[in-house]
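To be precise, the following lines are work-v1.txt, and they hold compact mmCIF, C-alpha atoms.
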# COMPACT_ATOMS: atom_id res chain seq x y z
CA MET A 1 26.62 -22.20 47.12
CA THR A 2 24.83 -20.17 44.46
CA ASP A 3 22.11 -21.84 42.40
CA SER A 4 22.16 -21.19 38.69
CA ILE A 5 19.53 -21.84 36.06
CA ALA A 6 20.71 -22.54 32.53
CA ALA A 7 18.83 -20.61 29.89
CA PRO A 8 17.63 -22.40 26.78
CA PRO A 9 19.89 -21.86 23.74
CA GLY A 10 17.29 -19.70 21.97
CA ASP A 11 16.96 -17.43 25.00
CA ALA A 12 20.72 -17.16 25.32
CA ALA A 13 20.97 -16.05 21.71
CA SER A 14 18.25 -13.46 22.30
CA LEU A 15 20.04 -12.17 25.39
CA HIS A 16 23.26 -11.94 23.40
CA ARG A 17 21.60 -9.93 20.63
CA SER A 18 19.85 -7.62 23.05
CA SER A 19 23.04 -6.98 25.00
CA GLY A 20 24.44 -4.85 22.19
CA GLY A 21 24.49 -1.07 22.40
CA PRO A 22 22.01 1.28 20.70
CA LEU A 23 24.10 1.50 17.52
CA GLU A 24 24.22 -2.26 17.18
CA ARG A 25 20.46 -2.52 17.62
CA ILE A 26 19.96 0.18 14.96
CA GLN A 27 22.35 -1.70 12.68
CA HIS A 28 20.36 -4.93 13.07
CA THR A 29 17.07 -3.11 12.50
CA LEU A 30 18.27 -1.44 9.30
CA HIS A 31 19.66 -4.76 8.08
CA ARG A 32 16.28 -6.40 8.68
CA TYR A 33 14.28 -3.51 7.16
CA PRO A 34 16.43 -1.94 4.38
CA THR A 35 13.69 0.50 3.30
CA LEU A 36 13.35 2.02 6.77
CA SER A 37 16.19 4.54 6.50
CA PRO A 38 15.18 5.92 3.04
CA ALA A 39 11.56 6.17 4.24
CA LEU A 40 12.68 8.27 7.21
CA VAL A 41 14.80 10.45 4.91
CA LEU A 42 11.80 11.03 2.62
CA VAL A 43 9.47 11.95 5.48
CA LEU A 44 11.99 14.30 7.12
CA SER A 45 12.91 15.98 3.83
CA CYS A 46 9.22 16.58 3.03
CA LEU A 47 8.72 18.20 6.45
CA VAL A 48 11.81 20.37 6.06
CA PHE A 49 10.91 21.55 2.55
CA ALA A 50 7.29 22.19 3.54
CA TRP A 51 8.65 24.61 6.14
CA ALA A 52 11.51 26.09 4.07
CA SER A 53 9.35 26.78 0.99
CA ASP A 54 6.68 28.72 2.90
CA GLY A 55 4.06 26.09 2.13
CA LYS A 56 4.63 25.92 -1.63
CA PHE A 57 6.11 22.42 -1.48
CA GLN A 58 2.99 20.65 -0.19
CA GLN A 59 0.57 22.33 -2.59
CA PRO A 60 -1.45 19.68 -4.53
CA PHE A 61 -0.33 21.11 -7.87
CA ASN A 62 3.35 20.84 -6.90
CA LEU A 63 2.94 17.30 -5.56
CA GLY A 64 1.38 16.25 -8.86
CA ILE A 65 4.23 17.83 -10.81
CA MET A 66 6.75 15.99 -8.63
CA LEU A 67 5.10 12.63 -9.30
CA GLN A 68 5.13 13.34 -13.03
CA GLN A 69 8.82 14.23 -12.83
CA THR A 70 9.51 11.03 -10.91
CA ALA A 71 7.71 8.71 -13.36
CA VAL A 72 10.48 8.23 -15.95
CA LEU A 73 13.20 8.00 -13.29
CA ALA A 74 11.18 5.50 -11.28
CA VAL A 75 10.55 3.25 -14.30
CA LEU A 76 14.20 3.19 -15.38
CA ALA A 77 15.26 2.60 -11.78
CA VAL A 78 13.36 -0.72 -11.80
CA GLY A 79 15.72 -2.02 -14.49
CA GLN A 80 18.72 -0.54 -12.70
CA THR A 81 17.65 -2.26 -9.49
CA LEU A 82 17.52 -5.67 -11.17
CA ILE A 83 21.05 -5.22 -12.51
CA ILE A 84 22.48 -3.91 -9.24
CA LEU A 85 20.89 -6.82 -7.38
CA THR A 86 23.19 -9.06 -9.45
CA ALA A 87 26.20 -6.94 -8.35
CA GLY A 88 26.31 -5.13 -11.71
CA VAL A 89 25.55 -1.58 -12.78
CA ASP A 90 24.19 0.04 -15.95
CA LEU A 91 25.66 3.39 -16.93
CA SER A 92 23.81 3.41 -20.27
CA VAL A 93 20.26 3.26 -18.92
CA GLY A 94 19.44 6.82 -20.04
CA THR A 95 20.94 6.64 -23.52
CA ALA A 96 19.39 3.18 -24.08
CA MET A 97 16.00 4.66 -23.22
CA LEU A 98 16.57 7.71 -25.44
CA LEU A 99 17.74 5.62 -28.40
CA THR A 100 14.65 3.43 -28.02
CA HIS A 101 12.27 6.37 -27.84
CA MET A 102 13.84 7.93 -30.95
CA VAL A 103 13.33 4.67 -32.86
CA VAL A 104 9.72 4.45 -31.70
CA ALA A 105 8.94 8.11 -32.46
CA LYS A 106 10.55 8.11 -35.90
CA MET A 107 8.74 4.91 -36.87
CA ALA A 108 5.47 6.66 -36.12
CA ALA A 109 6.42 10.08 -37.51
CA ASP A 110 8.39 9.19 -40.63
CA HIS A 111 6.95 5.83 -41.63
CA GLY A 112 3.38 6.06 -40.38
CA VAL A 113 3.71 2.95 -38.22
CA PRO A 114 0.67 2.63 -35.88
CA GLY A 115 1.38 3.35 -32.22
CA VAL A 116 0.86 -0.26 -31.11
CA LEU A 117 3.38 -1.60 -33.62
CA ALA A 118 5.86 1.20 -32.95
CA LEU A 119 5.65 0.49 -29.23
CA ALA A 120 6.12 -3.26 -29.85
CA LEU A 121 9.19 -2.47 -31.97
CA GLY A 122 10.53 -0.39 -29.08
CA MET A 123 10.13 -3.37 -26.75
CA VAL A 124 12.11 -5.52 -29.20
CA VAL A 125 14.86 -2.89 -29.41
CA GLY A 126 15.04 -2.77 -25.61
CA LEU A 127 15.30 -6.57 -25.38
CA LEU A 128 18.08 -6.60 -27.99
CA LEU A 129 20.06 -3.91 -26.17
CA GLY A 130 19.73 -5.88 -22.95
CA ALA A 131 20.78 -9.11 -24.66
CA PHE A 132 23.83 -7.30 -26.05
CA HIS A 133 24.84 -6.18 -22.55
CA GLY A 134 24.19 -9.57 -21.00
CA GLY A 135 26.06 -11.39 -23.74
CA ILE A 136 29.22 -9.31 -23.36
CA VAL A 137 29.13 -9.54 -19.55
CA THR A 138 28.64 -13.31 -19.46
CA LYS A 139 30.34 -14.61 -22.61
CA ILE A 140 33.32 -12.30 -22.82
CA GLY A 141 33.54 -11.62 -19.10
CA LEU A 142 33.88 -7.84 -19.19
CA PRO A 143 32.73 -5.94 -16.07
CA PRO A 144 29.24 -4.42 -16.38
CA PHE A 145 30.69 -1.00 -15.53
CA ILE A 146 33.00 -1.09 -18.58
CA VAL A 147 30.40 -2.61 -20.91
CA THR A 148 27.72 -0.04 -20.13
CA LEU A 149 30.20 2.85 -20.07
CA GLY A 150 31.04 1.95 -23.66
CA THR A 151 27.43 1.53 -24.73
CA PHE A 152 26.55 4.83 -23.06
CA TYR A 153 28.54 6.59 -25.79
CA ILE A 154 27.49 4.15 -28.53
CA TYR A 155 23.76 4.54 -27.91
CA ASN A 156 24.07 8.31 -27.60
CA SER A 157 25.86 8.52 -30.95
CA LEU A 158 23.40 6.16 -32.66
CA GLY A 159 20.44 8.10 -31.29
CA LEU A 160 21.80 11.45 -32.47
CA ARG A 161 22.63 10.03 -35.89
CA TYR A 162 19.32 8.23 -36.34
CA GLY A 163 17.30 11.19 -35.07
CA GLU A 164 19.47 13.66 -37.01
CA ALA A 165 19.80 15.65 -33.75
CA GLN A 166 16.22 16.86 -34.13
CA THR A 167 13.17 16.92 -31.89
CA ILE A 168 10.14 14.94 -33.06
CA SER A 169 6.98 16.80 -32.05
CA LYS A 170 3.70 15.32 -30.91
CA GLU A 171 2.07 16.56 -34.13
CA ALA A 172 4.55 14.47 -36.13
CA ILE A 173 4.00 11.44 -33.89
CA GLY A 174 0.22 11.82 -34.06
CA GLU A 175 -1.74 13.30 -31.21
CA ASP A 176 -4.12 10.30 -31.15
CA SER A 177 -1.27 7.79 -31.18
CA LEU A 178 -0.92 5.23 -28.38
CA LEU A 179 2.61 6.59 -27.94
CA LEU A 180 1.16 9.74 -26.39
CA TRP A 181 -1.33 7.91 -24.14
CA THR A 182 1.09 8.27 -21.20
CA SER A 183 0.59 12.05 -21.41
CA LYS A 184 -3.14 11.78 -20.56
CA ARG A 185 -3.97 13.52 -17.30
CA VAL A 186 -5.88 12.19 -14.31
CA THR A 187 -7.15 15.10 -12.19
CA TRP A 188 -8.49 15.50 -8.65
CA GLY A 189 -9.02 19.20 -8.03
CA GLU A 190 -5.62 20.91 -8.23
CA PHE A 191 -3.81 17.58 -8.01
CA ASN A 192 -3.15 15.96 -11.36
CA ILE A 193 -0.89 13.22 -12.66
CA THR A 194 -0.27 11.66 -16.06
CA ALA A 195 -1.00 8.10 -17.16
CA GLY A 196 2.78 7.62 -17.13
CA VAL A 197 2.68 7.74 -13.33
CA LEU A 198 0.11 4.94 -13.34
CA VAL A 199 2.34 2.89 -15.67
CA ALA A 200 5.20 3.30 -13.18
CA ILE A 201 3.01 2.17 -10.27
CA VAL A 202 1.84 -0.94 -12.17
CA LEU A 203 5.45 -1.76 -13.06
CA TYR A 204 6.52 -1.62 -9.40
CA ILE A 205 3.64 -3.83 -8.30
CA ALA A 206 4.36 -6.38 -11.03
CA PHE A 207 8.11 -6.64 -10.53
CA GLY A 208 7.80 -6.43 -6.76
CA PHE A 209 5.72 -9.59 -6.99
CA VAL A 210 8.14 -11.23 -9.43
CA LEU A 211 11.17 -10.60 -7.20
CA ALA A 212 9.44 -11.70 -4.01
CA LYS A 213 7.31 -14.62 -5.14
CA THR A 214 8.94 -16.33 -8.14
CA ALA A 215 11.89 -18.69 -8.59
CA TRP A 216 13.43 -16.22 -11.05
CA GLY A 217 13.38 -13.51 -8.39
CA ARG A 218 15.06 -15.80 -5.86
CA HIS A 219 17.71 -16.70 -8.44
CA VAL A 220 18.42 -13.01 -9.07
CA TYR A 221 19.06 -12.43 -5.36
CA ALA A 222 21.14 -15.60 -5.05
CA THR A 223 23.29 -14.69 -8.06
CA GLY A 224 24.01 -11.23 -6.68
CA ASP A 225 24.69 -12.46 -3.15
CA ASP A 226 27.25 -15.14 -4.07
CA ARG A 227 27.61 -16.13 -7.71
CA GLU A 228 29.72 -19.22 -7.07
CA ALA A 229 27.42 -20.49 -4.33
CA ALA A 230 24.44 -19.96 -6.64
CA ARG A 231 26.17 -21.99 -9.36
CA LEU A 232 26.93 -24.81 -6.93
CA ALA A 233 23.28 -24.77 -5.87
CA GLY A 234 22.28 -25.59 -9.46
CA ILE A 235 21.34 -22.10 -10.66
CA ASP A 236 22.28 -21.31 -14.27
CA VAL A 237 24.00 -18.04 -13.42
CA THR A 238 24.73 -17.13 -17.06
CA ARG A 239 21.11 -17.56 -18.00
CA VAL A 240 19.96 -15.50 -15.01
CA LEU A 241 22.32 -12.63 -15.85
CA ILE A 242 21.34 -12.51 -19.53
CA SER A 243 17.65 -12.58 -18.59
CA VAL A 244 18.15 -9.76 -16.08
CA TYR A 245 19.78 -7.51 -18.70
CA MET A 246 17.07 -8.35 -21.23
CA VAL A 247 14.27 -7.63 -18.76
CA ALA A 248 16.02 -4.37 -17.86
CA GLY A 249 16.13 -3.47 -21.57
CA PHE A 250 12.40 -4.16 -21.85
CA ILE A 251 11.81 -1.87 -18.86
CA TYR A 252 13.90 0.87 -20.51
CA ALA A 253 11.53 0.62 -23.51
CA VAL A 254 8.60 1.15 -21.13
CA GLY A 255 10.52 4.17 -19.79
CA ALA A 256 10.83 5.43 -23.38
CA TRP A 257 7.03 5.28 -23.70
CA VAL A 258 6.60 7.22 -20.45
CA GLN A 259 9.25 9.75 -21.58
CA ILE A 260 7.46 10.42 -24.87
CA GLY A 261 4.26 11.12 -22.94
CA ARG A 262 6.05 13.22 -20.33
CA ALA A 263 7.72 15.52 -22.91
CA GLU A 264 5.06 15.04 -25.64
CA SER A 265 8.00 14.80 -28.04
CA ALA A 266 11.17 12.80 -28.62
CA SER A 267 14.70 14.21 -28.40
CA MET A 268 18.16 12.89 -27.52
CA ASN A 269 18.63 16.02 -25.41
CA ALA A 270 15.96 14.96 -22.91
CA ALA A 271 16.66 13.51 -19.45
CA THR A 272 20.38 14.29 -19.59
CA ASP A 273 21.03 13.39 -15.92
CA ILE A 274 18.88 10.28 -15.81
CA ASN A 275 21.80 7.78 -15.99
CA LEU A 276 23.29 8.74 -12.65
CA GLN A 277 19.91 9.57 -11.13
CA THR A 278 18.79 5.96 -11.49
CA ILE A 279 21.87 4.73 -9.63
CA THR A 280 21.26 7.42 -7.02
CA ALA A 281 17.65 6.32 -6.53
CA VAL A 282 18.62 2.65 -6.20
CA VAL A 283 21.47 3.27 -3.76
CA ILE A 284 19.56 5.76 -1.62
CA GLY A 285 16.67 3.27 -1.62
CA GLY A 286 18.77 0.72 0.24
CA THR A 287 19.80 -1.68 -2.53
CA SER A 288 23.39 -2.78 -2.00
CA LEU A 289 25.90 -2.01 -4.75
CA PHE A 290 27.50 -5.35 -3.87
CA GLY A 291 24.36 -7.25 -4.90
CA GLY A 292 21.94 -9.63 -3.26
CA ARG A 293 20.10 -7.16 -1.00
CA GLY A 294 17.41 -4.59 -1.70
CA ARG A 295 13.74 -4.06 -2.49
CA LEU A 296 11.87 -2.20 -5.21
CA THR A 297 9.94 -0.39 -2.49
CA GLY A 298 13.21 1.23 -1.47
CA THR A 299 14.00 2.15 -5.07
CA LEU A 300 10.66 3.93 -5.44
CA ILE A 301 11.32 5.82 -2.22
CA GLY A 302 14.81 6.66 -3.50
CA ALA A 303 13.39 8.05 -6.74
CA LEU A 304 10.95 10.18 -4.73
CA ILE A 305 13.83 11.43 -2.56
CA VAL A 306 15.79 12.54 -5.64
CA THR A 307 12.78 14.47 -6.96
CA THR A 308 11.94 15.82 -3.49
CA PHE A 309 15.41 17.23 -2.99
CA THR A 310 15.56 18.71 -6.50
CA GLN A 311 12.14 20.35 -6.34
CA GLY A 312 12.29 21.18 -2.63
CA LEU A 313 15.63 22.99 -2.88
CA LYS A 314 14.40 24.85 -5.95
CA LEU A 315 11.21 26.03 -4.21
CA SER A 316 13.27 26.99 -1.15
CA GLY A 317 15.39 29.31 -3.28
CA VAL A 318 18.61 27.28 -2.99
CA ASP A 319 21.17 27.73 -5.76
CA ALA A 320 21.27 24.96 -8.39
CA TYR A 321 24.91 24.20 -7.54
CA TRP A 322 23.90 23.31 -3.98
CA GLN A 323 21.15 21.06 -5.30
CA ASN A 324 23.79 18.84 -6.92
CA PHE A 325 25.88 19.09 -3.75
CA ALA A 326 22.95 17.79 -1.70
CA ILE A 327 22.31 14.84 -4.04
CA GLY A 328 26.02 13.96 -4.08
CA SER A 329 26.14 14.05 -0.30
CA LEU A 330 23.12 11.74 -0.14
CA ILE A 331 24.90 9.20 -2.35
CA LEU A 332 27.99 9.18 -0.12
CA VAL A 333 25.91 8.80 3.02
CA ALA A 334 23.81 6.02 1.46
CA VAL A 335 26.86 3.99 0.35
CA ALA A 336 28.59 4.47 3.71
CA LEU A 337 25.40 3.35 5.47
CA ASP A 338 25.19 0.30 3.23
CA GLN A 339 28.78 -0.66 4.08
CA TRP A 340 28.01 -0.33 7.78
CA ILE A 341 24.80 -2.35 7.55
CA ARG A 342 26.58 -5.16 5.67
CA LYS A 343 28.92 -5.60 8.63
CA VAL A 344 26.03 -6.56 10.91
CA ALA A 345 26.85 -9.44 13.22
CA LYS A 346 25.16 -12.67 12.16

Is it possible to express this structure as structure tokens?
Amino acid sequence: MTDSIAAPPGDAASLHRSSGGPLERIQHTLHRYPTLSPALVLVLSCLVFAWASDGKFQQPFNLGIMLQQTAVLAVLAVGQTLIILTAGVDLSVGTAMLLTHMVVAKMAADHGVPGVLALALGMVVGLLLGAFHGGIVTKIGLPPFIVTLGTFYIYNSLGLRYGEAQTISKEAIGEDSLLLWTSKRVTWGEFNITAGVLVAIVLYIAFGFVLAKTAWGRHVYATGDDREAARLAGIDVTRVLISVYMVAGFIYAVGAWVQIGRAESASMNAATDINLQTITAVVIGGTSLFGGRGRLTGTLIGALIVTTFTQGLKLSGVDAYWQNFAIGSLILVAVALDQWIRKVAK
């Protein structure tokens, strides 16, 4: 007769989880730490480009330039993250930002509005654009994809018409204006960044706290994870969605401020690829396109990956066509990985 000792239920569950193969353990780990895979991609890509570019990639001057290039993308990606967390998507993020920055710049250049007031007006414009998106999505029930695809063209047309397809220079804006404060440089030897980079960092810290530590943040995740369950739990889903789009619009106005400082001018021809780049950064950063899962830390890493690949391939002498190929491949891999991670055994 063989004696047997029954394991406690908790131990049995642990033994069951640990009995899976290596792939299953990796799947569970990536599900528990969604920013792990993009962090590994960023580290590996930096090592590869440091080698392939003959040392040019890791030069302090180049690293500073990369952070400056990432600033606008990273700011806009915060708003995109909020929307994707609710299982939506914003295809008009770039044109909304450009329309806002044209309004702000022309107020200062053509009407002599002080920088503080012009910037405040830009924030109001951003909030109104967000409210417009949220209202159509919640009240009419159109999919976010369709709504923002339409407004992508609307905002682009309005911006070109309002700005008369011209570039507003920093001299017209006023070189001492608050609008150009984000162009101020902070220097450490050969490494230098603009104040716009600092604005992006503050934004990530602030909204990282809001998503992790406030009731509103928990409601955003709950709404994206299961809208009906969130409603049954007493969450006003309509109110949450409208607030998310309005907050995203406010963030796009902050991005407009950073963009003015980055280019030291305002033009509707700036940042032409930024719409899709924000989605790329969010998806590569581990936020699920199906909503309810993701962290702003991952989004920031995703934005850095986009810039790293673009700048790294350029310094390595790779043709521009292959740069787009690499980014496209990253998107496919990131979405496929997300699908696989979502199938993790509970």

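What separates CA of Gly234 (chain A) from CA of Gly249 (chain A) is a distance of 26.0 Å.
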
Among the residues A:Gly286, A:Gly189, A:Gly294, A:Gly134, the one that comes closest to Gly64 (chain A) [using only C-alpha atoms]: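 Counting only C-alpha atoms, the residue closest to Gly64 (chain A) is A:Gly189.
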
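Atom pair CA of Arg185 (chain A) / CA of Gly255 (chain A) has a distance of 17.4 Å (rounded to one decimal).
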
Point (26.3, -2.2, -8.3), cut-off 9 Å, counting all atoms listed in the file, residues as a list in words: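 Answer for this query, in the requested form: Gln80, Thr81, Ile83, Ile84, Leu85, Thr86, Ala87, Gly88, Val89, Asp90, Pro144, Phe145, Ile279, Val283, Thr287, Ser288, Leu289, Phe290 and Gly291 of chain A.
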
Write out as a list in words each polymer residue whose atoms come within 7 Å of region 99-107 of chain A, counting all atoms listed in the file; drop sequence neighbours fewer than 4 positions from it. Thr95, His111, Gly112, Val113, Ala118, Leu119, Leu121, Gly122, Val125, Gly126, Tyr155, Asn156, Gly159, Gly163, Ile168, Ile173, Ala253, Ala256, Trp257, Ile260, Ala266 and Ser267 of chain A

CA of Tyr321 (chain A) and CA of Ala334 (chain A), how far apart in Å? 20.3 Å

Might you pull out every residue within 10 Å of Glu171 (chain A), with only C-alpha atoms counted and same-chain residues fewer than 4 positions away left off, and present them as a PyMOL selection string? chain A and resi 109+175-177+264-265

Place a sphere of radius 12 Å on (17.8, 13.9, -5.2) in the file coordinates and name every protein, DNA or RNA residue with an atom inside or on its surface, counting all atoms listed in the file; give the answer as a PyMOL selection string. chain A and resi 38+41-42+45+66+69-70+73+273-274+276-285+301-314+322-331+334

Just write the chosen residues, C-alpha atoms, as a compact mmCIF listing (two decimals), in the coordinates of the input.
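So selection.txt came out as:
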# COMPACT_ATOMS: atom_id res chain seq x y z
CA PRO A 38 15.18 5.92 3.04
CA VAL A 41 14.80 10.45 4.91
CA LEU A 42 11.80 11.03 2.62
CA SER A 45 12.91 15.98 3.83
CA MET A 66 6.75 15.99 -8.63
CA GLN A 69 8.82 14.23 -12.83
CA THR A 70 9.51 11.03 -10.91
CA LEU A 73 13.20 8.00 -13.29
CA ASP A 273 21.03 13.39 -15.92
CA ILE A 274 18.88 10.28 -15.81
CA LEU A 276 23.29 8.74 -12.65
CA GLN A 277 19.91 9.57 -11.13
CA THR A 278 18.79 5.96 -11.49
CA ILE A 279 21.87 4.73 -9.63
CA THR A 280 21.26 7.42 -7.02
CA ALA A 281 17.65 6.32 -6.53
CA VAL A 282 18.62 2.65 -6.20
CA VAL A 283 21.47 3.27 -3.76
CA ILE A 284 19.56 5.76 -1.62
CA GLY A 285 16.67 3.27 -1.62
CA ILE A 301 11.32 5.82 -2.22
CA GLY A 302 14.81 6.66 -3.50
CA ALA A 303 13.39 8.05 -6.74
CA LEU A 304 10.95 10.18 -4.73
CA ILE A 305 13.83 11.43 -2.56
CA VAL A 306 15.79 12.54 -5.64
CA THR A 307 12.78 14.47 -6.96
CA THR A 308 11.94 15.82 -3.49
CA PHE A 309 15.41 17.23 -2.99
CA THR A 310 15.56 18.71 -6.50
CA GLN A 311 12.14 20.35 -6.34
CA GLY A 312 12.29 21.18 -2.63
CA LEU A 313 15.63 22.99 -2.88
CA LYS A 314 14.40 24.85 -5.95
CA TRP A 322 23.90 23.31 -3.98
CA GLN A 323 21.15 21.06 -5.30
CA ASN A 324 23.79 18.84 -6.92
CA PHE A 325 25.88 19.09 -3.75
CA ALA A 326 22.95 17.79 -1.70
CA ILE A 327 22.31 14.84 -4.04
CA GLY A 328 26.02 13.96 -4.08
CA SER A 329 26.14 14.05 -0.30
CA LEU A 330 23.12 11.74 -0.14
CA ILE A 331 24.90 9.20 -2.35
CA ALA A 334 23.81 6.02 1.46

Would you list the contacts of region 218-226 of chain A as a list in words, taking every protein, DNA or RNA residue within 8 Å and counting all atoms listed in the file, but skipping same-chain residues closer than 2 positions in sequence?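 Final neighbour list, sorted by chain and number: Leu82, Ile84, Leu85, Thr86, Ala87, Leu211, Ala212, Lys213, Thr214, Ala215, Trp216, Glu228, Ala229, Ala230, Arg231, Ile235, Val237, Val240, Leu241, Val244, Phe290, Gly291, Gly292 and Arg293 of chain A.
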
Between A:Ala206, A:Leu76, A:Leu117, A:Leu178, which one has atoms that come closest to Thr299 (chain A), using all atoms listed in the file?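 Looking at the shortest contact to Thr299 (chain A), the residue is A:Leu76.
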
Under the rule that only C-alpha atoms are counted, which of A:Ile193, A:Ala271, A:Val210, A:Val202 is the nearest residue to Gln259 (chain A)?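 Closest to Gln259 (chain A), using only C-alpha atoms: A:Ala271.
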
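Proximity to Asn192 (chain A) was assessed for A:Ala108, A:Val147, A:Leu44, A:Ile65 counting only C-alpha atoms; the smallest distance is recorded for A:Ile65.
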
Nearest to Phe207 (chain A), chosen from A:Ile154, A:Ala195, A:Ile251, A:Leu40, with only C-alpha atoms counted in the distances: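 With only C-alpha atoms as the atom set, the closest residue is A:Ile251.
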
From A:Gly196, A:Gly115, A:Gly317, A:Gly141, residue lying nearest Val75 (chain A) [only C-alpha atoms]: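 Distance minimum relative to Val75 (chain A) lands on A:Gly196.
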